[in-house]
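Colleague: So that we are looking at the same thing, I have put the structure below in structure tokens.
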Amino acid sequence: MRIKLSSDTLNNRLSALSKTLGAGNKNSSNILNCFLFQASEASLIITASDSENTMTTTMPIIESDSNEMFAINAQLIMNAVRDLADQPIEIVVDNDTRAVQMVYANGTCDFIADDPYAYPQPQVLDENNLTVVTMPSKVLAENLERTIFATGDDQLRLVMNGVYFDLTPDFAVIVASDGHKLVRNQIQTIKTENPVSFILPKKPSLLLKNSLNKDETEVTIQFDGKNAVFTFDAGVLNCRLIEGRYPNYNSVIPKDNPYLVAVDKKLLLGALKRVLPFASDSSQLVRLDVEENRITIKSEDLEFATKAIENVPCGYVGNKVSIGFKGSALQAVLSNLNFDEVTLCIGDPSRPCLVLPSEQPENQDVLMLLMPMLLND
């Protein structure tokens with residue numbers, strides 16, 4: 001068989017799919033180090049899999065003389081096309097010997113293909129336990145962007161290591177938490193007739209985040225109790241879900257933190273980045289003293305006699321309040337809130353602090369929570 005296609009388009013699609021493969025492209029099965037290619041007269045379907053996550057993408061081709069499948073080592077073909085100037089290339093496959101030759105303007109590359117029929121097939125969803133929901137690609141991409149950082153890495157509580165989708169008759173909620181920080185996104189325009197939920201592992205969450213377009217095209221989500229399929233403009237992701245019961249995230253969100261502090265996010269984040277290096281390496285404790293129209297950020301390391309203090313203007317009227325945080329955790333929260341101004345909702349120094357955008361996105365409610373650290377006054 002012979003197919004002709006654009007080298008630049010092929011390179012872009014392979015680069016995106018390569019993140020699906022196992023770490024370092026070293027797997028127990030050699031076929032999982034390969035891309036699977038399925039050619040037709042008008043298009044080429046490319047698949048990558050690590051056995052638990054399978055992603056496919058479809059690209060146009062210039063011409064093809066047959067409908068065939070072949071599998072090529074991912075690293076070899078990516079190296080072959082990575083630095084090519086954009087040009088038509090031909091891939092010629094001998095179906096009897098599995099010899100593959102890629103022909104381009106100034107040369108050729110030769111491969112030996114693997115057995116395409118040994119490629120793992122994605123899990124089939126249970127039609128009797130199937131839920132289907134759609135949402136705009138932009139909404140899903142932005143929610144994943146600001147949520148994934150809060151997922152855990154706990155081998156004893158696997159449910160905390162993914163992004164929780166909680167779909168209700170009133171709204172959809174996308175949540176992640178590692179027990180110290182939490183992100184909760186409510187999307188009022190997404191509803192289901194009956195409450196249903198699933199936990200998406202971190203890897204497919206990242207694959208989706210990096211693949212989705214930030215536009216109004218629809219993403220179709222199909223899931224049963226064990227697997228999910230995301231169909232979007234650039235391709236399809238089939239993945240295994242985390243099984244188990246997610247904790248009651250609403251129970252840890254305080255309802256009446258009385259001290260509301262509005263502040264420019266960039267100013268606060270910039271000051272935090274300058275002050276944090278002076279904190280103790282072991283605790284990373286950063287203290288915030290909030291008083292009328294000012295936040296004073298402090299850190300110190302008694303062992304090395306270092307300290308830093310910086311003031312940031314804010315919108316606050318009330319009694320002075322102080323609270324401590326792990327500086328790197330506060331930095332992560334602020335960095336993942338893509339808004340110009342945020343509001344800190346503070347209670348007493350032992351209660352969780354809420355960090356909210358001062359103006360919520362349309363039809364959404366975004367909330368981040370950060371557990372405080374004990375201050376030694």
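Residue numbering restarts at 1 for every chain of the structure tokens, chains are lettered A, B, ... in their displayed order, and ligands are numbered from 1 as they appear.
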Please provide as a PDB file with all heavy atoms, in the first residue's frame all residues within 12 Å of Ala80 of chain A, with the sequence filter that same-chain residues fewer than 2 positions apart are discarded (counting only C-alpha atoms).
Modeller:
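Writing the result to selection.pdb gives the following:
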```
ATOM      1  N   SER A   7       3.892  16.145   5.915  1.00  0.00           N
ATOM      2  CA  SER A   7       4.821  15.831   7.010  1.00  0.00           C
ATOM      3  C   SER A   7       4.531  16.671   8.245  1.00  0.00           C
ATOM      4  O   SER A   7       4.641  16.193   9.381  1.00  0.00           O
ATOM      5  CB  SER A   7       6.263  16.061   6.557  1.00  0.00           C
ATOM      6  OG  SER A   7       6.490  17.432   6.244  1.00  0.00           O
ATOM      7  N   ASP A   8       4.144  17.922   8.050  1.00  0.00           N
ATOM      8  CA  ASP A   8       3.900  18.818   9.189  1.00  0.00           C
ATOM      9  C   ASP A   8       2.673  18.373   9.969  1.00  0.00           C
ATOM     10  O   ASP A   8       2.692  18.324  11.207  1.00  0.00           O
ATOM     11  CB  ASP A   8       3.727  20.252   8.691  1.00  0.00           C
ATOM     12  CG  ASP A   8       3.865  21.271   9.803  1.00  0.00           C
ATOM     13  OD1 ASP A   8       4.813  21.145  10.597  1.00  0.00           O
ATOM     14  OD2 ASP A   8       3.031  22.192   9.882  1.00  0.00           O
ATOM     15  N   LEU A  10       1.400  15.349  10.037  1.00  0.00           N
ATOM     16  CA  LEU A  10       1.730  14.084  10.681  1.00  0.00           C
ATOM     17  C   LEU A  10       2.554  14.316  11.942  1.00  0.00           C
ATOM     18  O   LEU A  10       2.291  13.713  12.995  1.00  0.00           O
ATOM     19  CB  LEU A  10       2.496  13.188   9.713  1.00  0.00           C
ATOM     20  CG  LEU A  10       2.951  11.827  10.260  1.00  0.00           C
ATOM     21  CD1 LEU A  10       1.746  10.984  10.678  1.00  0.00           C
ATOM     22  CD2 LEU A  10       3.804  11.085   9.240  1.00  0.00           C
ATOM     23  N   ASN A  11       3.547  15.194  11.863  1.00  0.00           N
ATOM     24  CA  ASN A  11       4.390  15.481  13.029  1.00  0.00           C
ATOM     25  C   ASN A  11       3.567  16.019  14.187  1.00  0.00           C
ATOM     26  O   ASN A  11       3.740  15.596  15.342  1.00  0.00           O
ATOM     27  CB  ASN A  11       5.476  16.486  12.635  1.00  0.00           C
ATOM     28  CG  ASN A  11       6.403  16.812  13.777  1.00  0.00           C
ATOM     29  OD1 ASN A  11       6.825  15.942  14.529  1.00  0.00           O
ATOM     30  ND2 ASN A  11       6.734  18.086  13.932  1.00  0.00           N
ATOM     31  N   LEU A  14       1.405  13.155  15.718  1.00  0.00           N
ATOM     32  CA  LEU A  14       2.204  12.187  16.461  1.00  0.00           C
ATOM     33  C   LEU A  14       2.692  12.770  17.782  1.00  0.00           C
ATOM     34  O   LEU A  14       2.717  12.076  18.807  1.00  0.00           O
ATOM     35  CB  LEU A  14       3.396  11.725  15.621  1.00  0.00           C
ATOM     36  CG  LEU A  14       3.072  10.946  14.344  1.00  0.00           C
ATOM     37  CD1 LEU A  14       4.368  10.512  13.659  1.00  0.00           C
ATOM     38  CD2 LEU A  14       2.187   9.746  14.621  1.00  0.00           C
ATOM     39  N   ILE A  72       3.954   1.114  13.627  1.00  0.00           N
ATOM     40  CA  ILE A  72       5.363   1.501  13.538  1.00  0.00           C
ATOM     41  C   ILE A  72       5.829   2.000  14.894  1.00  0.00           C
ATOM     42  O   ILE A  72       5.090   2.700  15.604  1.00  0.00           O
ATOM     43  CB  ILE A  72       5.582   2.605  12.479  1.00  0.00           C
ATOM     44  CG1 ILE A  72       5.122   2.146  11.100  1.00  0.00           C
ATOM     45  CG2 ILE A  72       7.042   3.022  12.418  1.00  0.00           C
ATOM     46  CD1 ILE A  72       5.287   3.198  10.018  1.00  0.00           C
ATOM     47  N   ASN A  73       7.060   1.667  15.256  1.00  0.00           N
ATOM     48  CA  ASN A  73       7.642   2.151  16.498  1.00  0.00           C
ATOM     49  C   ASN A  73       7.523   3.663  16.582  1.00  0.00           C
ATOM     50  O   ASN A  73       7.927   4.392  15.668  1.00  0.00           O
ATOM     51  CB  ASN A  73       9.104   1.729  16.580  1.00  0.00           C
ATOM     52  CG  ASN A  73       9.762   2.207  17.859  1.00  0.00           C
ATOM     53  OD1 ASN A  73      10.272   3.322  17.944  1.00  0.00           O
ATOM     54  ND2 ASN A  73       9.752   1.355  18.877  1.00  0.00           N
ATOM     55  N   ALA A  74       6.959   4.136  17.683  1.00  0.00           N
ATOM     56  CA  ALA A  74       6.645   5.560  17.822  1.00  0.00           C
ATOM     57  C   ALA A  74       7.890   6.440  17.768  1.00  0.00           C
ATOM     58  O   ALA A  74       7.913   7.478  17.089  1.00  0.00           O
ATOM     59  CB  ALA A  74       5.892   5.791  19.132  1.00  0.00           C
ATOM     60  N   GLN A  75       8.941   6.030  18.487  1.00  0.00           N
ATOM     61  CA  GLN A  75      10.127   6.872  18.550  1.00  0.00           C
ATOM     62  C   GLN A  75      10.809   6.987  17.192  1.00  0.00           C
ATOM     63  O   GLN A  75      11.281   8.057  16.804  1.00  0.00           O
ATOM     64  CB  GLN A  75      11.122   6.314  19.583  1.00  0.00           C
ATOM     65  CG  GLN A  75      12.138   7.331  20.086  1.00  0.00           C
ATOM     66  CD  GLN A  75      11.473   8.515  20.769  1.00  0.00           C
ATOM     67  OE1 GLN A  75      10.696   8.368  21.694  1.00  0.00           O
ATOM     68  NE2 GLN A  75      11.765   9.713  20.287  1.00  0.00           N
ATOM     69  N   LEU A  76      10.820   5.889  16.437  1.00  0.00           N
ATOM     70  CA  LEU A  76      11.472   5.917  15.130  1.00  0.00           C
ATOM     71  C   LEU A  76      10.766   6.866  14.165  1.00  0.00           C
ATOM     72  O   LEU A  76      11.399   7.693  13.512  1.00  0.00           O
ATOM     73  CB  LEU A  76      11.506   4.502  14.531  1.00  0.00           C
ATOM     74  CG  LEU A  76      12.564   3.547  15.081  1.00  0.00           C
ATOM     75  CD1 LEU A  76      12.412   2.174  14.440  1.00  0.00           C
ATOM     76  CD2 LEU A  76      13.963   4.093  14.841  1.00  0.00           C
ATOM     77  N   ILE A  77       9.445   6.756  14.055  1.00  0.00           N
ATOM     78  CA  ILE A  77       8.754   7.594  13.079  1.00  0.00           C
ATOM     79  C   ILE A  77       8.698   9.053  13.534  1.00  0.00           C
ATOM     80  O   ILE A  77       8.758   9.972  12.717  1.00  0.00           O
ATOM     81  CB  ILE A  77       7.349   7.047  12.753  1.00  0.00           C
ATOM     82  CG1 ILE A  77       6.803   7.772  11.515  1.00  0.00           C
ATOM     83  CG2 ILE A  77       6.400   7.166  13.944  1.00  0.00           C
ATOM     84  CD1 ILE A  77       5.588   7.113  10.905  1.00  0.00           C
ATOM     85  N   MET A  78       8.635   9.287  14.858  1.00  0.00           N
ATOM     86  CA  MET A  78       8.677  10.673  15.327  1.00  0.00           C
ATOM     87  C   MET A  78      10.025  11.309  15.021  1.00  0.00           C
ATOM     88  O   MET A  78      10.095  12.471  14.597  1.00  0.00           O
ATOM     89  CB  MET A  78       8.380  10.729  16.826  1.00  0.00           C
ATOM     90  CG  MET A  78       6.929  10.451  17.181  1.00  0.00           C
ATOM     91  SD  MET A  78       6.648  10.415  18.957  1.00  0.00           S
ATOM     92  CE  MET A  78       6.988  12.121  19.389  1.00  0.00           C
ATOM     93  N   ARG A  82      10.281  14.670  12.636  1.00  0.00           N
ATOM     94  CA  ARG A  82      10.320  15.824  13.540  1.00  0.00           C
ATOM     95  C   ARG A  82      10.935  17.068  12.889  1.00  0.00           C
ATOM     96  O   ARG A  82      10.411  18.169  13.016  1.00  0.00           O
ATOM     97  CB  ARG A  82      11.079  15.461  14.818  1.00  0.00           C
ATOM     98  CG  ARG A  82      11.166  16.616  15.827  1.00  0.00           C
ATOM     99  CD  ARG A  82      11.841  16.174  17.105  1.00  0.00           C
ATOM    100  NE  ARG A  82      11.011  15.227  17.841  1.00  0.00           N
ATOM    101  CZ  ARG A  82      11.384  14.012  18.186  1.00  0.00           C
ATOM    102  NH1 ARG A  82      12.593  13.562  17.842  1.00  0.00           N
ATOM    103  NH2 ARG A  82      10.562  13.222  18.854  1.00  0.00           N
ATOM    104  N   ASP A  83      12.054  16.929  12.208  1.00  0.00           N
ATOM    105  CA  ASP A  83      12.772  18.094  11.691  1.00  0.00           C
ATOM    106  C   ASP A  83      12.612  18.293  10.193  1.00  0.00           C
ATOM    107  O   ASP A  83      13.334  19.094   9.583  1.00  0.00           O
ATOM    108  CB  ASP A  83      14.274  17.977  12.029  1.00  0.00           C
ATOM    109  CG  ASP A  83      14.524  18.012  13.529  1.00  0.00           C
ATOM    110  OD1 ASP A  83      13.845  18.807  14.213  1.00  0.00           O
ATOM    111  OD2 ASP A  83      15.369  17.241  14.024  1.00  0.00           O
ATOM    112  N   LEU A  84      11.658  17.583   9.594  1.00  0.00           N
ATOM    113  CA  LEU A  84      11.418  17.779   8.167  1.00  0.00           C
ATOM    114  C   LEU A  84      10.706  19.107   7.919  1.00  0.00           C
ATOM    115  O   LEU A  84       9.798  19.488   8.652  1.00  0.00           O
ATOM    116  CB  LEU A  84      10.545  16.654   7.610  1.00  0.00           C
ATOM    117  CG  LEU A  84      11.197  15.307   7.302  1.00  0.00           C
ATOM    118  CD1 LEU A  84      10.137  14.353   6.766  1.00  0.00           C
ATOM    119  CD2 LEU A  84      12.329  15.461   6.305  1.00  0.00           C
ATOM    120  N   ALA A  85      11.134  19.804   6.864  1.00  0.00           N
ATOM    121  CA  ALA A  85      10.349  20.955   6.408  1.00  0.00           C
ATOM    122  C   ALA A  85       9.015  20.442   5.888  1.00  0.00           C
ATOM    123  O   ALA A  85       8.913  19.301   5.406  1.00  0.00           O
ATOM    124  CB  ALA A  85      11.106  21.687   5.308  1.00  0.00           C
ATOM    125  N   ILE A  89       4.948  13.678   1.927  1.00  0.00           N
ATOM    126  CA  ILE A  89       5.776  12.483   2.075  1.00  0.00           C
ATOM    127  C   ILE A  89       4.938  11.270   1.711  1.00  0.00           C
ATOM    128  O   ILE A  89       3.710  11.300   1.783  1.00  0.00           O
ATOM    129  CB  ILE A  89       6.335  12.330   3.509  1.00  0.00           C
ATOM    130  CG1 ILE A  89       5.191  12.225   4.533  1.00  0.00           C
ATOM    131  CG2 ILE A  89       7.271  13.471   3.854  1.00  0.00           C
ATOM    132  CD1 ILE A  89       5.661  11.924   5.947  1.00  0.00           C
ATOM    133  N   ILE A  91       4.397   7.087   2.397  1.00  0.00           N
ATOM    134  CA  ILE A  91       4.681   5.916   3.222  1.00  0.00           C
ATOM    135  C   ILE A  91       4.241   4.697   2.428  1.00  0.00           C
ATOM    136  O   ILE A  91       3.067   4.575   2.045  1.00  0.00           O
ATOM    137  CB  ILE A  91       3.956   5.987   4.578  1.00  0.00           C
ATOM    138  CG1 ILE A  91       4.448   7.202   5.384  1.00  0.00           C
ATOM    139  CG2 ILE A  91       4.179   4.712   5.376  1.00  0.00           C
ATOM    140  CD1 ILE A  91       3.752   7.396   6.713  1.00  0.00           C
ATOM    141  N   GLN A 101       8.669   1.952   4.084  1.00  0.00           N
ATOM    142  CA  GLN A 101       9.611   2.979   3.633  1.00  0.00           C
ATOM    143  C   GLN A 101       8.900   4.328   3.586  1.00  0.00           C
ATOM    144  O   GLN A 101       7.805   4.435   3.050  1.00  0.00           O
ATOM    145  CB  GLN A 101      10.179   2.649   2.256  1.00  0.00           C
ATOM    146  CG  GLN A 101      11.255   3.642   1.804  1.00  0.00           C
ATOM    147  CD  GLN A 101      11.922   3.233   0.511  1.00  0.00           C
ATOM    148  OE1 GLN A 101      11.298   3.283  -0.550  1.00  0.00           O
ATOM    149  NE2 GLN A 101      13.194   2.836   0.587  1.00  0.00           N
ATOM    150  N   MET A 102       9.541   5.327   4.195  1.00  0.00           N
ATOM    151  CA  MET A 102       9.034   6.693   4.121  1.00  0.00           C
ATOM    152  C   MET A 102       9.906   7.465   3.146  1.00  0.00           C
ATOM    153  O   MET A 102      11.138   7.515   3.297  1.00  0.00           O
ATOM    154  CB  MET A 102       9.066   7.360   5.500  1.00  0.00           C
ATOM    155  CG  MET A 102       8.352   8.699   5.535  1.00  0.00           C
ATOM    156  SD  MET A 102       8.420   9.485   7.170  1.00  0.00           S
ATOM    157  CE  MET A 102      10.025  10.281   7.090  1.00  0.00           C
ATOM    158  N   VAL A 103       9.274   8.051   2.140  1.00  0.00           N
ATOM    159  CA  VAL A 103       9.990   8.755   1.079  1.00  0.00           C
ATOM    160  C   VAL A 103       9.678  10.240   1.184  1.00  0.00           C
ATOM    161  O   VAL A 103       8.506  10.636   1.232  1.00  0.00           O
ATOM    162  CB  VAL A 103       9.576   8.224  -0.312  1.00  0.00           C
ATOM    163  CG1 VAL A 103      10.378   8.917  -1.411  1.00  0.00           C
ATOM    164  CG2 VAL A 103       9.743   6.712  -0.381  1.00  0.00           C
ATOM    165  N   TYR A 104      10.730  11.066   1.226  1.00  0.00           N
ATOM    166  CA  TYR A 104      10.547  12.520   1.273  1.00  0.00           C
ATOM    167  C   TYR A 104      11.494  13.163   0.272  1.00  0.00           C
ATOM    168  O   TYR A 104      12.192  12.462  -0.492  1.00  0.00           O
ATOM    169  CB  TYR A 104      10.750  13.065   2.686  1.00  0.00           C
ATOM    170  CG  TYR A 104      12.050  12.691   3.348  1.00  0.00           C
ATOM    171  CD1 TYR A 104      13.127  13.563   3.358  1.00  0.00           C
ATOM    172  CD2 TYR A 104      12.191  11.458   3.990  1.00  0.00           C
ATOM    173  CE1 TYR A 104      14.317  13.224   3.978  1.00  0.00           C
ATOM    174  CE2 TYR A 104      13.369  11.112   4.626  1.00  0.00           C
ATOM    175  CZ  TYR A 104      14.430  11.998   4.610  1.00  0.00           C
ATOM    176  OH  TYR A 104      15.610  11.659   5.226  1.00  0.00           O
ATOM    177  N   GLY A 107      15.381  12.130   0.683  1.00  0.00           N
ATOM    178  CA  GLY A 107      15.846  10.867   1.240  1.00  0.00           C
ATOM    179  C   GLY A 107      14.730   9.896   1.531  1.00  0.00           C
ATOM    180  O   GLY A 107      13.558  10.116   1.193  1.00  0.00           O
ATOM    181  N   THR A 108      15.106   8.818   2.200  1.00  0.00           N
ATOM    182  CA  THR A 108      14.165   7.772   2.594  1.00  0.00           C
ATOM    183  C   THR A 108      14.510   7.257   3.988  1.00  0.00           C
ATOM    184  O   THR A 108      15.644   7.387   4.450  1.00  0.00           O
ATOM    185  CB  THR A 108      14.205   6.583   1.613  1.00  0.00           C
ATOM    186  OG1 THR A 108      15.516   6.007   1.647  1.00  0.00           O
ATOM    187  CG2 THR A 108      13.838   6.999   0.208  1.00  0.00           C
ATOM    188  N   CYS A 109      13.513   6.681   4.659  1.00  0.00           N
ATOM    189  CA  CYS A 109      13.709   5.979   5.932  1.00  0.00           C
ATOM    190  C   CYS A 109      13.021   4.622   5.816  1.00  0.00           C
ATOM    191  O   CYS A 109      11.922   4.520   5.252  1.00  0.00           O
ATOM    192  CB  CYS A 109      13.086   6.753   7.103  1.00  0.00           C
ATOM    193  SG  CYS A 109      13.779   8.377   7.404  1.00  0.00           S
ATOM    194  N   ASP A 110      13.654   3.594   6.348  1.00  0.00           N
ATOM    195  CA  ASP A 110      13.098   2.249   6.287  1.00  0.00           C
ATOM    196  C   ASP A 110      12.820   1.718   7.689  1.00  0.00           C
ATOM    197  O   ASP A 110      13.644   1.871   8.597  1.00  0.00           O
ATOM    198  CB  ASP A 110      14.060   1.318   5.559  1.00  0.00           C
ATOM    199  CG  ASP A 110      14.173   1.660   4.085  1.00  0.00           C
ATOM    200  OD1 ASP A 110      13.263   1.279   3.329  1.00  0.00           O
ATOM    201  OD2 ASP A 110      15.147   2.350   3.696  1.00  0.00           O
ATOM    202  N   PHE A 111      11.650   1.102   7.855  1.00  0.00           N
ATOM    203  CA  PHE A 111      11.233   0.521   9.124  1.00  0.00           C
ATOM    204  C   PHE A 111      10.765  -0.907   8.895  1.00  0.00           C
ATOM    205  O   PHE A 111      10.467  -1.300   7.761  1.00  0.00           O
ATOM    206  CB  PHE A 111      10.051   1.278   9.747  1.00  0.00           C
ATOM    207  CG  PHE A 111      10.166   2.774   9.743  1.00  0.00           C
ATOM    208  CD1 PHE A 111       9.668   3.532   8.689  1.00  0.00           C
ATOM    209  CD2 PHE A 111      10.743   3.442  10.808  1.00  0.00           C
ATOM    210  CE1 PHE A 111       9.751   4.904   8.697  1.00  0.00           C
ATOM    211  CE2 PHE A 111      10.842   4.818  10.826  1.00  0.00           C
ATOM    212  CZ  PHE A 111      10.344   5.557   9.764  1.00  0.00           C
TER     213      PHE A 111
END
```
Colleague: Quick one: everything within 12 Å of Phe304 of chain A, counting only C-alpha atoms, minus sequence neighbours fewer than 2 positions away in the same chain. Send it as a VMD selection string.
Modeller: chain A and resid 277 to 281 300 to 302 306 to 307
Colleague: Put those residues in a file: N, CA, C and O atoms, as a compact mmCIF listing (two decimals), in the first residue's frame.
Modeller:
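As a result, part27.txt now contains:
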```
# COMPACT_ATOMS: atom_id res chain seq x y z
N PRO A 277 11.16 32.27 49.03
CA PRO A 277 12.51 31.71 49.16
C PRO A 277 13.16 31.95 50.53
O PRO A 277 14.14 31.27 50.86
N PHE A 278 12.64 32.88 51.31
CA PHE A 278 13.21 33.17 52.62
C PHE A 278 12.56 32.35 53.74
O PHE A 278 12.95 32.46 54.89
N ALA A 279 11.56 31.54 53.37
CA ALA A 279 10.89 30.70 54.37
C ALA A 279 11.71 29.45 54.65
O ALA A 279 12.61 29.08 53.89
N SER A 280 11.41 28.79 55.74
CA SER A 280 12.06 27.53 56.08
C SER A 280 11.79 26.49 55.00
O SER A 280 10.66 26.33 54.55
N ASP A 281 12.83 25.78 54.58
CA ASP A 281 12.67 24.76 53.55
C ASP A 281 11.73 23.65 54.01
O ASP A 281 10.99 23.08 53.21
N GLU A 300 10.20 33.61 57.27
CA GLU A 300 11.50 33.63 57.91
C GLU A 300 12.01 32.21 58.12
O GLU A 300 11.23 31.26 58.16
N ASP A 301 13.31 32.10 58.20
CA ASP A 301 13.97 30.84 58.51
C ASP A 301 14.93 31.11 59.66
O ASP A 301 16.01 31.69 59.47
N LEU A 302 14.52 30.74 60.88
CA LEU A 302 15.32 31.04 62.06
C LEU A 302 16.67 30.34 62.01
O LEU A 302 17.67 30.87 62.52
N THR A 306 17.23 34.23 58.02
CA THR A 306 16.72 34.94 56.84
C THR A 306 15.25 35.26 57.05
O THR A 306 14.52 34.52 57.72
N LYS A 307 14.81 36.36 56.47
CA LYS A 307 13.40 36.71 56.52
C LYS A 307 13.08 37.70 55.42
O LYS A 307 13.98 38.37 54.88
```
Colleague: List every residue of segment 89-196 of chain A that DSSP, applied to the backbone, labels as helix (DSSP H, G or I), and write the result as an MDAnalysis selection string.
Modeller: chainID A and resid 116:118 127:129 137:145 148:150 158:161
Colleague: Could you give me, as CSV, a per-residue list for segment 223-275 of chain A showing, wherever an atom lies at most 12 Å from an atom of segment 138-154 of chain A, the closest pair of atoms and their distance in Å to one decimal, using only C-alpha atoms and sorting by chain then residue number from low to high?
Modeller:
```
residue,atom,partner,partner_atom,distance
A:Phe230,CA,A:Leu140,CA,11.0
A:Phe232,CA,A:Leu140,CA,10.8
A:Asp233,CA,A:Lys138,CA,11.5
```
Colleague: Could the residues in this selection be saved with all heavy atoms as a short mmCIF file (atom, residue, chain, number, x, y, z; two decimals), in the first residue's frame?
Modeller:
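Wrote out.cif, looks like this:
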```cif
data_model
loop_
_atom_site.label_atom_id
_atom_site.label_comp_id
_atom_site.auth_asym_id
_atom_site.auth_seq_id
_atom_site.Cartn_x
_atom_site.Cartn_y
_atom_site.Cartn_z
N PHE A 230 -14.33 9.94 25.60
CA PHE A 230 -14.49 11.37 25.30
C PHE A 230 -14.29 11.55 23.80
O PHE A 230 -13.23 11.24 23.26
CB PHE A 230 -13.45 12.20 26.06
CG PHE A 230 -13.60 12.19 27.55
CD1 PHE A 230 -13.14 11.12 28.30
CD2 PHE A 230 -14.20 13.26 28.21
CE1 PHE A 230 -13.27 11.11 29.69
CE2 PHE A 230 -14.34 13.26 29.59
CZ PHE A 230 -13.88 12.18 30.32
N PHE A 232 -14.18 14.30 20.83
CA PHE A 232 -14.03 15.74 20.65
C PHE A 232 -13.53 16.01 19.24
O PHE A 232 -13.31 15.08 18.45
CB PHE A 232 -13.08 16.34 21.69
CG PHE A 232 -11.78 15.59 21.87
CD1 PHE A 232 -10.62 16.01 21.24
CD2 PHE A 232 -11.73 14.44 22.66
CE1 PHE A 232 -9.44 15.32 21.39
CE2 PHE A 232 -10.54 13.74 22.83
CZ PHE A 232 -9.39 14.18 22.18
N ASP A 233 -13.37 17.29 18.91
CA ASP A 233 -13.09 17.69 17.54
C ASP A 233 -11.83 17.05 16.98
O ASP A 233 -11.76 16.66 15.82
CB ASP A 233 -12.97 19.22 17.46
CG ASP A 233 -12.91 19.72 16.03
OD1 ASP A 233 -13.78 19.32 15.24
OD2 ASP A 233 -11.98 20.49 15.70
#
```
Colleague: For Ile62 of chain A, find every residue with an atom within 9 Å (counting only C-alpha atoms), except residues of its own chain fewer than 5 positions away, and show them as an NGL selection string.
Modeller: :A and (3-6 or 41-43 or 88)
Colleague: Using N, CA, C and O atoms, can you export the residues from the last selection as a PDB file, in the first residue's frame?
Modeller:
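Listed below is the output, selection_19.pdb:
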```pdb
ATOM      1  N   ILE A   3       0.558   5.592   0.766  1.00  0.00           N
ATOM      2  CA  ILE A   3      -0.220   6.777   1.136  1.00  0.00           C
ATOM      3  C   ILE A   3       0.668   8.006   1.061  1.00  0.00           C
ATOM      4  O   ILE A   3       1.884   7.928   1.275  1.00  0.00           O
ATOM      5  N   LYS A   4       0.068   9.130   0.693  1.00  0.00           N
ATOM      6  CA  LYS A   4       0.796  10.404   0.629  1.00  0.00           C
ATOM      7  C   LYS A   4       0.109  11.380   1.583  1.00  0.00           C
ATOM      8  O   LYS A   4      -1.123  11.484   1.595  1.00  0.00           O
ATOM      9  N   LEU A   5       0.911  12.099   2.373  1.00  0.00           N
ATOM     10  CA  LEU A   5       0.347  13.004   3.380  1.00  0.00           C
ATOM     11  C   LEU A   5       1.339  14.113   3.700  1.00  0.00           C
ATOM     12  O   LEU A   5       2.505  14.087   3.279  1.00  0.00           O
ATOM     13  N   SER A   6       0.879  15.105   4.468  1.00  0.00           N
ATOM     14  CA  SER A   6       1.707  16.242   4.855  1.00  0.00           C
ATOM     15  C   SER A   6       2.598  15.871   6.033  1.00  0.00           C
ATOM     16  O   SER A   6       2.114  15.377   7.054  1.00  0.00           O
ATOM     17  N   GLU A  41      -9.201   5.831   1.892  1.00  0.00           N
ATOM     18  CA  GLU A  41      -8.962   6.648   0.702  1.00  0.00           C
ATOM     19  C   GLU A  41      -8.835   8.129   1.016  1.00  0.00           C
ATOM     20  O   GLU A  41      -8.155   8.862   0.290  1.00  0.00           O
ATOM     21  N   ALA A  42      -9.474   8.601   2.090  1.00  0.00           N
ATOM     22  CA  ALA A  42      -9.502  10.041   2.352  1.00  0.00           C
ATOM     23  C   ALA A  42      -8.824  10.458   3.648  1.00  0.00           C
ATOM     24  O   ALA A  42      -8.554  11.644   3.846  1.00  0.00           O
ATOM     25  N   SER A  43      -8.551   9.503   4.552  1.00  0.00           N
ATOM     26  CA  SER A  43      -8.033   9.909   5.858  1.00  0.00           C
ATOM     27  C   SER A  43      -7.150   8.819   6.450  1.00  0.00           C
ATOM     28  O   SER A  43      -7.123   7.674   5.979  1.00  0.00           O
ATOM     29  N   PRO A  88       5.035  17.115   1.137  1.00  0.00           N
ATOM     30  CA  PRO A  88       4.354  15.821   0.983  1.00  0.00           C
ATOM     31  C   PRO A  88       5.355  14.683   1.168  1.00  0.00           C
ATOM     32  O   PRO A  88       6.482  14.744   0.664  1.00  0.00           O
TER      33      PRO A  88
END
```
Colleague: Leu130 of chain A: which residues within 9 Å, counting only C-alpha atoms, same-chain residues fewer than 2 positions away excluded, as a count of residues only?
Modeller: 9
Colleague: Set out as a tab-separated table a contact list for segment 239-299 of chain A and segment 158-174 of chain A with a cut-off of 12 Å, giving each residue of segment 239-299 of chain A that qualifies its closest atom pair and distance in Å to one decimal, counting only C-alpha atoms, ordered by chain and rising residue number.
Modeller:
```
residue	atom	partner	partner_atom	distance
A:Arg240	CA	A:Gly162	CA	11.5
A:Leu241	CA	A:Gly162	CA	8.8
A:Ile242	CA	A:Val159	CA	6.3
A:Glu243	CA	A:Val159	CA	7.1
A:Gly244	CA	A:Val159	CA	6.1
A:Arg245	CA	A:Val159	CA	6.9
A:Tyr246	CA	A:Val159	CA	5.9
A:Pro247	CA	A:Met160	CA	8.4
A:Asn248	CA	A:Asp166	CA	10.8
A:Tyr249	CA	A:Tyr164	CA	10.0
A:Asn250	CA	A:Val173	CA	10.9
```
Colleague: So which residues touch Asp264 of chain A within 7 Å, counting only C-alpha atoms, skipping near sequence neighbours fewer than 6 positions away, as a ChimeraX atom specification?
Modeller: /A:340-342
Colleague: Contacts of Ser335 of chain A at 9 Å or less, counting only C-alpha atoms, minus same-chain residues fewer than 2 places along, as a PyMOL selection string?
Modeller: chain A and resi 146+265-266+269+330-333+337-338
